[in-house]
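J.: I'm passing along final-v9.pdb; it holds PDB, C-alpha atoms.
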ATOM      1  CA  MET A   1     -49.004 -70.639  -7.856
ATOM      2  CA  ASP A   2     -47.602 -69.891  -4.405
ATOM      3  CA  LYS A   3     -44.331 -71.308  -5.456
ATOM      4  CA  ILE A   4     -44.193 -69.026  -8.509
ATOM      5  CA  ALA A   5     -45.134 -65.970  -6.448
ATOM      6  CA  GLN A   6     -42.450 -66.831  -3.939
ATOM      7  CA  ASP A   7     -39.877 -67.327  -6.722
ATOM      8  CA  VAL A   8     -40.908 -64.041  -8.345
ATOM      9  CA  GLY A   9     -40.603 -62.338  -4.945
ATOM     10  CA  ASP A  10     -37.120 -63.795  -4.450
ATOM     11  CA  ILE A  11     -36.033 -62.772  -7.927
ATOM     12  CA  GLN A  12     -37.484 -59.278  -7.432
ATOM     13  CA  SER A  13     -35.766 -58.811  -4.057
ATOM     14  CA  ARG A  14     -32.442 -59.956  -5.480
ATOM     15  CA  LEU A  15     -32.703 -57.756  -8.558
ATOM     16  CA  LEU A  16     -34.209 -54.628  -7.024
ATOM     17  CA  ASP A  17     -33.314 -54.655  -3.318
ATOM     18  CA  HIS A  18     -29.669 -53.576  -3.109
ATOM     19  CA  ARG A  19     -29.740 -52.381   0.500
ATOM     20  CA  PRO A  20     -27.499 -55.106   1.964
ATOM     21  CA  ILE A  21     -24.828 -54.520  -0.694
ATOM     22  CA  ILE A  22     -25.069 -50.728  -0.393
ATOM     23  CA  ASN A  23     -24.860 -50.893   3.410
ATOM     24  CA  ALA A  24     -21.750 -53.066   3.195
ATOM     25  CA  GLU A  25     -20.129 -50.671   0.687
ATOM     26  CA  ILE A  26     -20.975 -47.682   2.871
ATOM     27  CA  ARG A  27     -19.448 -49.339   5.933
ATOM     28  CA  TYR A  28     -16.301 -50.181   3.929
ATOM     29  CA  PHE A  29     -16.042 -46.602   2.562
ATOM     30  CA  VAL A  30     -16.516 -44.992   5.981
ATOM     31  CA  ARG A  31     -13.940 -47.299   7.567
ATOM     32  CA  GLU A  32     -11.357 -46.557   4.816
ATOM     33  CA  PHE A  33     -12.087 -42.820   4.882
ATOM     34  CA  GLU A  34     -11.718 -42.573   8.669
ATOM     35  CA  GLU A  35      -8.438 -44.505   8.675
ATOM     36  CA  LYS A  36      -6.907 -42.420   5.892
ATOM     37  CA  ARG A  37      -8.189 -39.126   7.264
ATOM     38  CA  GLY A  38      -7.009 -39.980  10.770
ATOM     39  CA  HIS A  39      -3.456 -40.451   9.499
ATOM     40  CA  ARG A  40      -3.641 -37.254   7.478
ATOM     41  CA  GLU A  41      -4.862 -35.289  10.492
ATOM     42  CA  SER A  42      -2.025 -36.573  12.648
ATOM     43  CA  ARG A  43       0.511 -35.666   9.937
ATOM     44  CA  LEU A  44      -0.962 -32.164   9.653
ATOM     45  CA  LEU A  45      -0.814 -31.712  13.414
ATOM     46  CA  GLU A  46       2.788 -32.942  13.498
ATOM     47  CA  ASN A  47       3.748 -30.507  10.706
ATOM     48  CA  LEU A  48       2.013 -27.644  12.501
ATOM     49  CA  ASN A  49       3.785 -28.498  15.752
ATOM     50  CA  LYS A  50       7.113 -28.614  13.895
ATOM     51  CA  MET A  51       6.474 -25.182  12.332
ATOM     52  CA  VAL A  52       5.622 -23.623  15.700
ATOM     53  CA  THR A  53       8.723 -25.130  17.271
ATOM     54  CA  GLU A  54      10.947 -23.866  14.443
ATOM     55  CA  THR A  55       9.405 -20.398  14.730
ATOM     56  CA  ASN A  56      10.083 -20.272  18.450
ATOM     57  CA  GLU A  57      13.632 -21.551  18.064
ATOM     58  CA  GLN A  58      14.765 -19.614  14.983
ATOM     59  CA  MET A  59      12.642 -16.590  14.107
ATOM     60  CA  LEU A  60      12.037 -15.247  17.591
ATOM     61  CA  PRO A  61      15.735 -15.077  18.592
ATOM     62  CA  THR A  62      16.562 -13.490  15.224
ATOM     63  CA  SER A  63      13.905 -10.830  15.743
ATOM     64  CA  LEU A  64      15.045 -10.146  19.291
ATOM     65  CA  GLU A  65      18.649  -9.898  18.131
ATOM     66  CA  ALA A  66      17.690  -7.346  15.456
ATOM     67  CA  ILE A  67      15.748  -5.279  17.989
ATOM     68  CA  SER A  68      18.658  -5.423  20.417
ATOM     69  CA  GLN A  69      21.112  -4.276  17.728
ATOM     70  CA  GLN A  70      18.909  -1.353  16.706
ATOM     71  CA  LEU A  71      18.460  -0.259  20.317
ATOM     72  CA  SER A  72      22.229  -0.476  20.806
ATOM     73  CA  ASP A  73      22.779   1.805  17.792
ATOM     74  CA  ILE A  74      20.278   4.328  19.113
ATOM     75  CA  THR A  75      21.943   4.286  22.542
ATOM     76  CA  LYS A  76      25.348   4.971  20.978
ATOM     77  CA  ARG A  77      23.959   7.955  19.082
ATOM     78  CA  LEU A  78      22.369   9.360  22.215
ATOM     79  CA  GLU A  79      25.640   8.953  24.102
ATOM     80  CA  ALA A  80      27.434  10.837  21.342
ATOM     81  CA  ALA A  81      24.874  13.646  21.574
ATOM     82  CA  ASN A  82      25.334  13.832  25.358
ATOM     83  CA  HIS A  83      29.084  13.953  24.896
ATOM     84  CA  MET A  84      28.679  16.847  22.469
ATOM     85  CA  ALA A  85      26.494  18.682  24.998
ATOM     86  CA  GLU A  86      29.119  18.206  27.707
ATOM     87  CA  ARG A  87      31.809  19.568  25.389
ATOM     88  CA  VAL A  88      29.715  22.640  24.654
ATOM     89  CA  GLN A  89      29.162  23.234  28.358
ATOM     90  CA  GLN A  90      32.894  22.847  28.999
ATOM     91  CA  ARG A  91      33.689  25.347  26.257
ATOM     92  CA  GLU A  92      31.209  27.780  27.719
ATOM     93  CA  LEU A  93      32.863  27.507  31.137
ATOM     94  CA  GLU A  94      36.341  28.044  29.708
ATOM     95  CA  ALA A  95      35.179  31.044  27.688
ATOM     96  CA  GLN A  96      33.686  32.719  30.752
ATOM     97  CA  GLN A  97      37.014  32.413  32.512
ATOM     98  CA  SER A  98      39.029  33.946  29.695
ATOM     99  CA  THR A  99      39.891  37.625  29.223
ATOM    100  CA  GLN A 100      37.925  37.878  25.995
ATOM    101  CA  LEU A 101      34.590  37.186  27.602
ATOM    102  CA  GLN A 102      32.430  39.056  25.105
ATOM    103  CA  VAL A 103      34.040  37.572  21.997
ATOM    104  CA  ASN A 104      33.878  34.104  23.381
ATOM    105  CA  MET A 105      30.284  34.534  24.530
ATOM    106  CA  GLU A 106      29.184  35.453  21.006
ATOM    107  CA  HIS A 107      31.085  32.526  19.599
ATOM    108  CA  LEU A 108      29.513  30.173  22.127
ATOM    109  CA  LYS A 109      26.064  31.490  21.331
ATOM    110  CA  GLU A 110      26.644  30.657  17.691
ATOM    111  CA  ASP A 111      28.015  27.241  18.654
ATOM    112  CA  TRP A 112      25.018  26.709  20.881
ATOM    113  CA  ALA A 113      22.627  27.607  18.056
ATOM    114  CA  GLU A 114      24.465  25.204  15.750
ATOM    115  CA  PHE A 115      24.441  22.597  18.477
ATOM    116  CA  LEU A 116      20.677  22.977  18.893
ATOM    117  CA  LYS A 117      20.243  22.652  15.134
ATOM    118  CA  GLU A 118      22.491  19.585  15.113
ATOM    119  CA  GLN A 119      20.610  18.130  18.077
ATOM    120  CA  GLN A 120      17.334  18.731  16.290
ATOM    121  CA  ARG A 121      18.716  17.088  13.160
ATOM    122  CA  LEU A 122      20.046  14.142  15.179
ATOM    123  CA  LYS A 123      16.749  13.866  17.008
ATOM    124  CA  GLU A 124      14.876  13.763  13.707
ATOM    125  CA  GLU A 125      17.355  11.205  12.390
ATOM    126  CA  VAL A 126      16.897   9.006  15.456
ATOM    127  CA  GLU A 127      13.116   9.363  15.276
ATOM    128  CA  GLU A 128      13.186   8.515  11.571
ATOM    129  CA  GLU A 129      15.356   5.454  12.178
ATOM    130  CA  HIS A 130      13.114   4.441  15.033
ATOM    131  CA  ALA A 131      10.037   4.792  12.809
ATOM    132  CA  LYS A 132      11.764   2.736  10.096
ATOM    133  CA  ALA A 133      12.738   0.086  12.633
ATOM    134  CA  VAL A 134       9.192  -0.071  13.965
ATOM    135  CA  GLY A 135       7.897  -0.312  10.387
ATOM    136  CA  GLN A 136      10.344  -3.080   9.530
ATOM    137  CA  LEU A 137       9.499  -5.004  12.671
ATOM    138  CA  SER A 138       5.771  -4.590  12.004
ATOM    139  CA  THR A 139       6.279  -5.821   8.447
ATOM    140  CA  GLN A 140       8.391  -8.727   9.656
ATOM    141  CA  TYR A 141       5.841  -9.757  12.257
ATOM    142  CA  ASN A 142       3.004  -9.385   9.734
ATOM    143  CA  GLU A 143       4.925 -11.610   7.316
ATOM    144  CA  MET A 144       5.492 -14.166  10.047
ATOM    145  CA  LYS A 145       1.797 -14.000  10.885
ATOM    146  CA  LYS A 146       0.912 -14.491   7.200
ATOM    147  CA  GLU A 147       3.279 -17.464   7.004
ATOM    148  CA  LEU A 148       1.631 -19.009  10.010
ATOM    149  CA  THR A 149      -1.843 -18.460   8.548
ATOM    150  CA  LYS A 150      -0.754 -19.884   5.157
ATOM    151  CA  SER A 151      -0.072 -23.257   6.766
ATOM    152  CA  PRO A 152      -2.367 -26.056   5.442
ATOM    153  CA  SER A 153      -5.812 -25.814   6.961
ATOM    154  CA  ILE A 154      -6.843 -28.676   9.173
TER     155      ILE A 154
END
Starting from the file, lay out its structure as structure tokens.

T.:
Amino acid sequence: MDKIAQDVGDIQSRLLDHRPIINAEIRYFVREFEEKRGHRESRLLENLNKMVTETNEQMLPTSLEAISQQLSDITKRLEAANHMAERVQQRELEAQQSTQLQVNMEHLKEDWAEFLKEQQRLKEEVEEEHAKAVGQLSTQYNEMKKELTKSPSI
């Protein structure tokens, strides 16, 4: 009878107790998962490092070059406006020295009023271009930020 009970116990443990097999499968799965995930993580980190390096080497100089060009254009326009102001002042001086002082003074006043209008228009133009440039740069940087955030999550 003991022998039968022992045999039944052995048969029952072999049929119903799967812990050793399950533990071995779990260890195998965890080992495979960690190896594969470890390689994937290193590839993701390498790709992220490559993207950051490319951004620093390519996009940043391009952005700085665009900013520099826009500032150069604005400087040229301001120099032109200063040159116009100097010409008006020179005309005013010449008119005061001429014999037709009154006629020239009226003419210069009109020129000055036109000059102020032109300066105001140029100022508005420069401010508008500046606002556009700031908007474009903000958009560009936001796009770059979106591109960086769209990178595969780790």

J.: Go through A:Leu122, A:Ala24, A:Met51, A:Leu64 one by one, measure the shortest atom-to-atom distance of each to Asn82 (chain A) using only C-alpha atoms, and give the residue with the smallest value.

T.: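 Closest to Asn82 (chain A), using only C-alpha atoms: A:Leu122.
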
J.: Any idea what the distance is between CA of Glu34 (chain A) and CA of Thr53 (chain A)?

T.: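 For CA of Glu34 (chain A) relative to CA of Thr53 (chain A), the distance reads 28.2 Å.
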
J.: List the residues matched by the PyMOL selection byres ((chain A and resi 111-118) around 12) in the displayed structure as an MDAnalysis selection string, ordered by chain and then by residue number.

T.: chainID A and resid 80:92 104:110 119:126

J.: Write the residues you've just listed into a file as a tab-separated table (two decimals), in the coordinates of the input, and include C-alpha atoms for each of them.

T.:
chain	number	residue	atom	x	y	z
A	80	ALA	CA	27.43	10.84	21.34
A	81	ALA	CA	24.87	13.65	21.57
A	82	ASN	CA	25.33	13.83	25.36
A	83	HIS	CA	29.08	13.95	24.90
A	84	MET	CA	28.68	16.85	22.47
A	85	ALA	CA	26.49	18.68	25.00
A	86	GLU	CA	29.12	18.21	27.71
A	87	ARG	CA	31.81	19.57	25.39
A	88	VAL	CA	29.72	22.64	24.65
A	89	GLN	CA	29.16	23.23	28.36
A	90	GLN	CA	32.89	22.85	29.00
A	91	ARG	CA	33.69	25.35	26.26
A	92	GLU	CA	31.21	27.78	27.72
A	104	ASN	CA	33.88	34.10	23.38
A	105	MET	CA	30.28	34.53	24.53
A	106	GLU	CA	29.18	35.45	21.01
A	107	HIS	CA	31.08	32.53	19.60
A	108	LEU	CA	29.51	30.17	22.13
A	109	LYS	CA	26.06	31.49	21.33
A	110	GLU	CA	26.64	30.66	17.69
A	119	GLN	CA	20.61	18.13	18.08
A	120	GLN	CA	17.33	18.73	16.29
A	121	ARG	CA	18.72	17.09	13.16
A	122	LEU	CA	20.05	14.14	15.18
A	123	LYS	CA	16.75	13.87	17.01
A	124	GLU	CA	14.88	13.76	13.71
A	125	GLU	CA	17.36	11.20	12.39
A	126	VAL	CA	16.90	9.01	15.46

J.: Work out where the centre of an axis-aligned box around every listed atom of region 35-49 of chain A lies and how long its edges are once 8 Å is added on each side; give both in Å to one decimal as JSON.

T.:
{"center_x": -2.3, "center_y": -36.1, "center_z": 10.8, "size_x": 28.2, "size_y": 32.9, "size_z": 25.9}

J.: Identify, on the basis of only C-alpha atoms, every residue whose closest approach to region 133-144 of chain A does not exceed 10 Å; exclude the query and any residue fewer than 2 positions from it along the same chain; express the result as a list of chain:residue names.

T.: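 Skipping anything fewer than 2 positions along the chain leaves A:Thr55, A:Met59, A:Leu60, A:Ser63, A:Ala66, A:Ile67, A:Gln70, A:Leu71, A:Glu127, A:Glu128, A:Glu129, A:His130, A:Ala131, A:Lys146, A:Glu147, A:Leu148, A:Thr149, A:Lys150.
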
J.: Just the number, please: distance in Å from CA of Ser68 (chain A) to CA of Asn56 (chain A), one decimal.

T.: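 Result for CA of Ser68 (chain A) versus CA of Asn56 (chain A): 17.3 Å, one decimal.
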
J.: Between CA of Thr62 (chain A) and CA of Arg77 (chain A), what is the distance, to one decimal in Å?

T.: 23.0 Å
